[in-house]
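To be precise, the following lines are final_17.cif, and they hold mmCIF, C-alpha atoms and all ligand atoms.
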```
data_start
#
loop_
_atom_site.label_atom_id
_atom_site.label_comp_id
_atom_site.auth_asym_id
_atom_site.auth_seq_id
_atom_site.Cartn_x
_atom_site.Cartn_y
_atom_site.Cartn_z
CA MET A 1 126.36 -91.72 98.75
CA ARG A 2 127.85 -93.19 95.59
CA LEU A 3 124.66 -94.56 93.98
CA ALA A 4 122.18 -91.88 95.02
CA GLY A 5 119.24 -91.71 92.62
CA LYS A 6 120.25 -94.84 90.73
CA CYS A 7 117.91 -97.77 90.08
CA ALA A 8 119.40 -101.26 89.98
CA LEU A 9 118.27 -104.79 89.26
CA ILE A 10 120.27 -107.61 90.85
CA THR A 11 119.66 -111.18 89.75
CA GLY A 12 120.24 -113.88 92.32
CA GLY A 13 119.70 -111.24 94.98
CA GLY A 14 117.90 -113.54 97.39
CA ARG A 15 121.03 -114.76 99.15
CA GLY A 16 124.82 -114.89 99.04
CA ILE A 17 126.74 -112.40 96.93
CA GLY A 18 123.62 -110.95 95.27
CA ARG A 19 121.96 -110.20 98.60
CA ALA A 20 125.13 -108.54 99.92
CA VAL A 21 125.38 -106.42 96.75
CA ALA A 22 121.69 -105.46 96.98
CA LEU A 23 122.15 -104.24 100.56
CA GLY A 24 125.43 -102.53 99.64
CA PHE A 25 123.71 -100.69 96.79
CA ALA A 26 120.86 -99.66 99.09
CA ARG A 27 123.34 -98.27 101.63
CA GLU A 28 124.83 -96.19 98.80
CA GLY A 29 121.40 -94.73 97.94
CA ALA A 30 120.10 -96.96 95.13
CA ALA A 31 116.58 -98.29 94.65
CA VAL A 32 116.91 -102.05 94.15
CA ALA A 33 114.95 -104.74 92.34
CA VAL A 34 115.89 -108.25 93.45
CA ALA A 35 115.23 -111.19 91.13
CA ALA A 36 115.52 -114.93 91.82
CA ARG A 37 113.33 -118.04 91.84
CA THR A 38 112.64 -118.37 95.58
CA PRO A 39 109.89 -115.91 96.59
CA ALA A 40 110.67 -115.92 100.33
CA GLU A 41 114.33 -115.03 99.69
CA VAL A 42 113.69 -112.13 97.26
CA GLU A 43 111.02 -110.79 99.62
CA GLN A 44 113.42 -111.02 102.58
CA THR A 45 116.16 -109.10 100.74
CA ALA A 46 113.62 -106.53 99.57
CA ALA A 47 112.48 -106.06 103.17
CA GLU A 48 116.10 -105.53 104.23
CA VAL A 49 116.54 -102.95 101.45
CA ARG A 50 113.41 -101.12 102.62
CA ALA A 51 114.71 -101.18 106.20
CA LEU A 52 117.67 -99.17 104.87
CA GLY A 53 115.21 -96.55 103.64
CA ARG A 54 115.28 -97.41 99.95
CA VAL A 55 112.67 -98.49 97.43
CA ALA A 56 112.78 -102.25 96.81
CA LEU A 57 111.07 -104.53 94.33
CA PRO A 58 111.08 -108.32 94.81
CA LEU A 59 110.80 -110.21 91.51
CA VAL A 60 110.31 -113.95 91.13
CA CYS A 61 112.18 -114.82 87.96
CA ASP A 62 114.13 -117.69 86.43
CA VAL A 63 116.86 -115.96 84.40
CA SER A 64 116.99 -118.84 81.93
CA ASP A 65 113.34 -118.23 80.94
CA GLU A 66 113.14 -115.37 78.42
CA ALA A 67 109.46 -114.61 79.04
CA ALA A 68 110.11 -114.37 82.79
CA VAL A 69 113.16 -112.14 82.24
CA LYS A 70 111.21 -109.84 79.94
CA ALA A 71 108.40 -109.56 82.50
CA ALA A 72 110.87 -108.87 85.34
CA LEU A 73 112.62 -106.10 83.40
CA GLN A 74 109.26 -104.59 82.45
CA ALA A 75 108.16 -104.66 86.10
CA ALA A 76 111.39 -102.96 87.23
CA LEU A 77 111.03 -100.27 84.55
CA ALA A 78 107.37 -99.74 85.48
CA GLU A 79 108.32 -99.33 89.16
CA PHE A 80 111.45 -97.18 88.71
CA GLY A 81 110.84 -95.51 85.35
CA ARG A 82 114.47 -96.27 84.44
CA LEU A 83 117.24 -98.79 84.95
CA ASP A 84 120.77 -97.55 85.63
CA VAL A 85 122.45 -100.74 86.81
CA LEU A 86 122.05 -104.45 86.08
CA VAL A 87 124.03 -106.99 88.10
CA ASN A 88 123.97 -110.42 86.44
CA ASN A 89 124.78 -112.43 89.54
CA ALA A 90 122.35 -115.39 89.39
CA GLY A 91 124.37 -118.55 89.05
CA VAL A 92 124.52 -122.26 89.77
CA GLY A 93 127.50 -124.46 90.53
CA SER A 94 128.29 -127.74 88.86
CA VAL A 95 130.89 -130.13 90.24
CA ARG A 96 131.18 -133.40 88.30
CA PRO A 97 133.89 -135.28 86.45
CA ILE A 98 133.40 -135.06 82.67
CA HIS A 99 132.50 -138.73 82.30
CA GLY A 100 129.73 -138.26 84.89
CA LEU A 101 128.53 -134.91 83.61
CA THR A 102 125.01 -135.38 82.29
CA ARG A 103 123.71 -133.44 79.35
CA ALA A 104 121.04 -131.99 81.64
CA SER A 105 123.63 -130.74 84.15
CA TRP A 106 125.74 -129.20 81.35
CA ASP A 107 122.66 -127.52 79.84
CA HIS A 108 121.54 -126.17 83.22
CA ALA A 109 124.90 -124.54 84.02
CA LEU A 110 125.00 -122.85 80.63
CA ALA A 111 121.31 -121.88 80.71
CA VAL A 112 121.57 -120.05 84.03
CA ASN A 113 125.13 -118.72 84.08
CA LEU A 114 125.57 -117.81 80.43
CA THR A 115 122.15 -117.61 78.75
CA GLY A 116 120.71 -115.91 81.85
CA THR A 117 123.34 -113.18 81.57
CA PHE A 118 122.54 -112.76 77.88
CA LEU A 119 118.76 -112.61 78.40
CA CYS A 120 118.87 -110.07 81.23
CA THR A 121 121.35 -107.92 79.32
CA LYS A 122 119.24 -108.12 76.17
CA HIS A 123 116.08 -106.96 77.94
CA ALA A 124 117.84 -104.18 79.90
CA TRP A 125 119.79 -102.91 76.89
CA LYS A 126 117.11 -100.84 75.11
CA ALA A 127 116.09 -99.04 78.29
CA MET A 128 119.73 -98.17 79.00
CA GLN A 129 120.21 -97.09 75.40
CA ARG A 130 117.14 -94.80 75.62
CA GLN A 131 118.47 -93.25 78.80
CA GLY A 132 121.86 -92.59 77.22
CA GLY A 133 123.73 -95.22 79.19
CA GLY A 134 123.93 -97.64 82.07
CA ALA A 135 126.24 -100.00 83.92
CA ILE A 136 126.17 -103.78 83.76
CA VAL A 137 128.20 -105.87 86.20
CA ASN A 138 128.48 -109.59 85.51
CA ILE A 139 129.48 -111.81 88.40
CA ALA A 140 131.71 -114.35 86.71
CA SER A 141 134.31 -116.52 88.47
CA LEU A 142 138.00 -117.32 88.57
CA ALA A 143 136.80 -120.54 86.91
CA GLY A 144 136.14 -118.30 83.90
CA ARG A 145 139.82 -117.32 83.81
CA ARG A 146 141.41 -120.78 84.09
CA GLY A 147 140.51 -124.44 83.93
CA VAL A 148 139.21 -126.28 86.99
CA ALA A 149 139.10 -130.07 87.24
CA HIS A 150 135.58 -131.45 87.76
CA MET A 151 134.03 -128.07 86.94
CA ALA A 152 134.06 -128.17 83.12
CA ALA A 153 130.43 -127.07 82.68
CA TYR A 154 130.68 -124.30 85.26
CA SER A 155 134.03 -123.14 83.93
CA ALA A 156 132.81 -123.14 80.31
CA SER A 157 129.74 -121.12 81.32
CA LYS A 158 131.91 -118.56 83.11
CA TRP A 159 134.44 -118.29 80.24
CA GLY A 160 131.42 -117.71 78.01
CA GLN A 161 130.05 -115.10 80.39
CA ILE A 162 133.35 -113.23 80.29
CA GLY A 163 133.46 -113.44 76.48
CA PHE A 164 129.94 -112.05 76.40
CA THR A 165 131.00 -109.26 78.80
CA LEU A 166 133.91 -108.17 76.60
CA SER A 167 131.78 -108.22 73.43
CA ALA A 168 128.89 -106.34 75.07
CA ALA A 169 131.38 -103.77 76.36
CA GLU A 170 132.51 -103.06 72.79
CA GLU A 171 128.92 -102.83 71.60
CA GLY A 172 128.01 -100.58 74.51
CA LYS A 173 130.80 -98.03 74.02
CA PRO A 174 128.96 -95.79 71.54
CA LEU A 175 125.80 -96.05 73.66
CA GLY A 176 127.28 -95.18 77.05
CA ILE A 177 126.54 -98.67 78.35
CA ARG A 178 129.48 -99.97 80.38
CA VAL A 179 129.83 -103.72 80.87
CA ASN A 180 132.34 -105.19 83.30
CA ALA A 181 132.82 -108.47 85.12
CA VAL A 182 133.85 -109.40 88.62
CA ALA A 183 135.57 -112.76 88.95
CA PRO A 184 135.43 -114.07 92.52
CA GLY A 185 137.50 -116.88 93.94
CA LYS A 186 135.97 -119.43 96.30
CA GLY A 187 133.26 -117.92 98.50
CA ASP A 188 131.49 -118.96 101.67
CA THR A 189 127.92 -119.08 100.31
CA ALA A 190 125.23 -121.69 99.76
CA MET A 191 126.88 -122.59 96.45
CA ARG A 192 129.83 -124.21 98.28
CA ALA A 193 127.93 -125.32 101.38
CA ALA A 194 128.36 -129.00 100.52
CA VAL A 195 132.11 -128.74 99.89
CA VAL A 196 134.28 -129.93 102.75
CA GLU A 197 136.96 -127.25 103.13
CA ASP A 198 138.42 -124.69 105.51
CA LYS A 199 135.67 -122.04 105.42
CA SER A 200 137.92 -119.48 107.11
CA ARG A 201 139.91 -119.26 103.87
CA LEU A 202 136.88 -118.40 101.73
CA LEU A 203 135.70 -114.99 100.58
CA LYS A 204 132.63 -113.61 102.34
CA ALA A 205 129.67 -112.40 100.27
CA GLU A 206 130.38 -108.87 101.53
CA ASP A 207 133.87 -108.96 99.99
CA HIS A 208 132.28 -108.36 96.57
CA VAL A 209 130.26 -105.29 97.48
CA GLY A 210 132.93 -102.58 97.14
CA VAL A 211 133.97 -103.51 93.63
CA CYS A 212 130.34 -103.79 92.47
CA VAL A 213 129.45 -100.39 93.96
CA PHE A 214 132.48 -98.88 92.23
CA LEU A 215 131.69 -100.41 88.81
CA ALA A 216 128.03 -99.35 89.11
CA SER A 217 128.92 -95.80 90.10
CA ASP A 218 129.86 -92.77 88.03
CA GLU A 219 133.37 -93.05 89.49
CA ALA A 220 133.84 -95.83 86.93
CA ARG A 221 132.39 -93.84 84.02
CA TYR A 222 135.44 -94.51 81.87
CA ILE A 223 135.79 -98.17 82.85
CA THR A 224 134.33 -100.85 80.61
CA GLY A 225 135.34 -104.26 79.29
CA GLN A 226 137.31 -105.08 82.44
CA VAL A 227 137.39 -108.28 84.48
CA ILE A 228 138.28 -107.65 88.10
CA GLU A 229 139.40 -110.67 90.08
CA VAL A 230 138.44 -110.83 93.75
CA ASP A 231 140.71 -113.32 95.41
CA TYR A 232 143.35 -113.46 98.03
CA PHE A 233 144.65 -116.97 98.48
P1 LIG B 301 124.21 -118.65 96.12
O1 LIG B 301 124.28 -118.20 97.51
O2 LIG B 301 123.80 -120.03 95.81
O3 LIG B 301 123.25 -117.62 95.34
C1 LIG B 301 122.89 -117.83 94.01
C2 LIG B 301 121.71 -116.93 93.69
O4 LIG B 301 121.35 -117.15 92.30
C3 LIG B 301 120.48 -117.24 94.52
O5 LIG B 301 119.79 -116.06 94.84
C4 LIG B 301 119.64 -118.11 93.59
O6 LIG B 301 118.27 -118.00 93.92
C5 LIG B 301 119.96 -117.43 92.25
N1 LIG B 301 119.66 -118.31 91.11
C6 LIG B 301 120.11 -119.56 90.85
N2 LIG B 301 119.55 -120.02 89.73
C7 LIG B 301 118.73 -119.05 89.27
C8 LIG B 301 117.88 -118.93 88.15
N3 LIG B 301 117.73 -119.92 87.26
N4 LIG B 301 117.17 -117.77 87.99
C9 LIG B 301 117.29 -116.77 88.89
N5 LIG B 301 118.10 -116.81 89.96
C10 LIG B 301 118.80 -117.95 90.15
O7 LIG B 301 125.62 -118.46 95.39
P2 LIG B 301 126.66 -117.24 95.34
O8 LIG B 301 127.96 -117.80 95.73
O9 LIG B 301 126.15 -116.03 96.02
O10 LIG B 301 126.72 -117.03 93.76
C11 LIG B 301 126.50 -115.77 93.15
C12 LIG B 301 127.34 -115.69 91.89
O11 LIG B 301 128.72 -115.72 92.25
C13 LIG B 301 127.12 -116.83 90.91
O12 LIG B 301 127.07 -116.35 89.58
C14 LIG B 301 128.35 -117.70 91.09
O13 LIG B 301 128.67 -118.44 89.94
C15 LIG B 301 129.40 -116.64 91.43
N6 LIG B 301 130.56 -117.19 92.10
C16 LIG B 301 130.44 -117.83 93.30
C17 LIG B 301 131.57 -118.37 93.91
C18 LIG B 301 131.51 -119.12 95.21
O14 LIG B 301 132.47 -119.82 95.55
N7 LIG B 301 130.44 -118.99 95.99
C19 LIG B 301 132.82 -118.25 93.28
C20 LIG B 301 132.92 -117.59 92.08
C21 LIG B 301 131.77 -117.05 91.49
P3 LIG B 301 117.18 -119.13 93.58
O15 LIG B 301 117.83 -120.47 93.78
O16 LIG B 301 116.08 -118.81 94.52
O17 LIG B 301 116.78 -118.87 92.16
#
```
Would you give me this structure, written as structure tokens?
Amino acid sequence: MRLAGKCALITGGGRGIGRAVALGFAREGAAVAVAARTPAEVEQTAAEVRALGRVALPLVCDVSDEAAVKAALQAALAEFGRLDVLVNNAGVGSVRPIHGLTRASWDHALAVNLTGTFLCTKHAWKAMQRQGGGAIVNIASLAGRRGVAHMAAYSASKWGQIGFTLSAAEEGKPLGIRVNAVAPGKGDTAMRAAVVEDKSRLLKAEDHVGVCVFLASDEARYITGQVIEVDYF
């Protein structure tokens, strides 16, 4: 097992990509804390992790709320005694033309996708530093690699998340903290449920598990500051 003995916290682990990664990590031997806003969903994922024989911790947490993030990280550290892996996966979509993009919608996309990544990283950092290292995997997007019409707020948040990833990777090098990003293309999850499109051409949540397991594992011990695109079409 590639993550045996490791303890991980996955934000947005209640459904979609985060849930798939949580279960993938559990299959590879990790204990998993799952954080999101919807209690029933984090509890369901935690139950599925336990059914795989691993320790699970459901955490109700809004990643844009620093006090909630701090409390969630403290709870994970109290339960596990350490934190080896953080997956910043929590995210929200935003599809609007610029002239119809409200300030509130812009702020929300940045607060969750970008500030949420910063806050969780900030409050995991010291524990990882104390332990002599850790792995952080940020789930970004292809929209953070190029421009996308009608997705300016989302795209800006994901470009920012990738910039944060690359800077944190530099800062983490002397501390043994590796920080990488995964940039998925369009996926068949709740985030795109309302979009009318050919769902057979979309990535499945499970398509992101292998790369996240690899980046979280010691196999990637010399890999940091990378952005790995997951896309096919
Ligand atoms: P999803 O099924 O909607 O899942 C999003 C997860 O994030 C949920 O667990 C949600 O739970 C959580 N979340 C949202 N806002 C949150 C907040 N403020 N605090 C804590 N958790 C929050 O979407 P997904 O497709 O799996 O998305 C996962 C990641 O992949 C996102 O970062 C997204 O940007 C990225 N991505 C998705 C696609 C795609 O096409 N699906 C493409 C590229 C990148 P609650 O609502 O209960 O909080």
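Picture a line from atom CA of Gly176 of chain A to atom CA of Ser64 of chain A; it runs 26.3 Å.
Pairwise distance (atom CA of Ala205 of chain A, atom CA of Ile17 of chain A) equals 4.4 Å.
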Original post:
Counting all atoms listed in the file, which of A:Ala71, A:Ile139, A:Val32, A:Leu101 gets nearest to Lys6 of chain A?
Top reply: A:Val32
Subject >> Residue with smallest distance to Val148 of chain A - pool A:Ile98, A:Met1, A:Leu215, A:Val34, counting only C-alpha atoms >> reply: A:Ile98
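Compared by their closest atoms to Val95 of chain A, and using only C-alpha atoms, the residues A:Lys70, A:Arg192, A:Arg50, A:Arg145 rank with A:Arg192 nearest.
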Subject >> Selection as JSON, numbers by chain: residues within 6 Å of ligand LIG 301 (chain B) by only C-alpha atoms and all ligand atoms >> reply: {"A": [11, 12, 13, 14, 15, 16, 17, 18, 36, 37, 38, 61, 62, 63, 64, 89, 90, 91, 92, 112, 139, 140, 141, 184, 185, 186, 187, 188, 189, 190, 191, 192]}
Original post:
Mind pulling up the distance from atom CA of His150 of chain A to atom CA of Ala109 of chain A?
Top reply: 13.3 Å
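Shortest atom-to-atom contact with His123 of chain A among A:Leu175, A:Lys199, A:Ala76, A:Ala181: A:Ala76, counting all atoms listed in the file.
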**OP:** List the neighbours of segment 129-134 of chain A out to 10 Å using all atoms listed in the file; skip same-chain residues closer than 4 positions along the sequence, and give me the result as JSON, numbers by chain.
**Re:** {"A": [6, 8, 82, 83, 84, 85, 86, 124, 125, 172, 173, 174, 175, 176, 177, 178, 179, 216, 217, 218, 221]}
Selected residues written out, C-alpha atoms, as a JSON list (two decimals), in the frame of the given file:
```json
[["chain", "number", "residue", "atom", "x", "y", "z"],
["A", 6, "LYS", "CA", 120.25, -94.84, 90.73],
["A", 8, "ALA", "CA", 119.40, -101.26, 89.98],
["A", 82, "ARG", "CA", 114.47, -96.27, 84.44],
["A", 83, "LEU", "CA", 117.24, -98.79, 84.95],
["A", 84, "ASP", "CA", 120.77, -97.55, 85.63],
["A", 85, "VAL", "CA", 122.45, -100.74, 86.81],
["A", 86, "LEU", "CA", 122.05, -104.45, 86.08],
["A", 124, "ALA", "CA", 117.84, -104.18, 79.90],
["A", 125, "TRP", "CA", 119.79, -102.91, 76.89],
["A", 172, "GLY", "CA", 128.01, -100.58, 74.51],
["A", 173, "LYS", "CA", 130.80, -98.03, 74.02],
["A", 174, "PRO", "CA", 128.96, -95.79, 71.54],
["A", 175, "LEU", "CA", 125.80, -96.05, 73.66],
["A", 176, "GLY", "CA", 127.28, -95.18, 77.05],
["A", 177, "ILE", "CA", 126.54, -98.67, 78.35],
["A", 178, "ARG", "CA", 129.48, -99.97, 80.38],
["A", 179, "VAL", "CA", 129.83, -103.72, 80.87],
["A", 216, "ALA", "CA", 128.03, -99.35, 89.11],
["A", 217, "SER", "CA", 128.92, -95.80, 90.10],
["A", 218, "ASP", "CA", 129.86, -92.77, 88.03],
["A", 221, "ARG", "CA", 132.39, -93.84, 84.02]]
```
Box time for segment 228-232 of chain A: axis-aligned, enclosing all its listed atoms, 8 Å extra on each side; report centre and edge lengths in Å to one decimal, as lines of an AutoDock Vina configuration file.
```
center_x = 140.8
center_y = -110.6
center_z = 93.1
size_x = 21.1
size_y = 21.8
size_z = 25.9
```
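With distances restricted to only C-alpha atoms, A:Gly225 is the closest residue to Glu170 of chain A from A:Gly225, A:Gly93, A:Pro58, A:Pro39.
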**OP:** Go through A:Leu73, A:Ile228, A:Gln161, A:Glu41 and flag the residue nearest Phe214 of chain A, using all atoms listed in the file for the distances.
**Re:** A:Ile228
Subject >> Exercise: Leu23 of chain A partners within 8 Å, all atoms listed in the file, chain neighbours under 4 positions left out, as a list in words >> reply: Arg19, Arg27, Thr45, Glu48 and Val49 of chain A
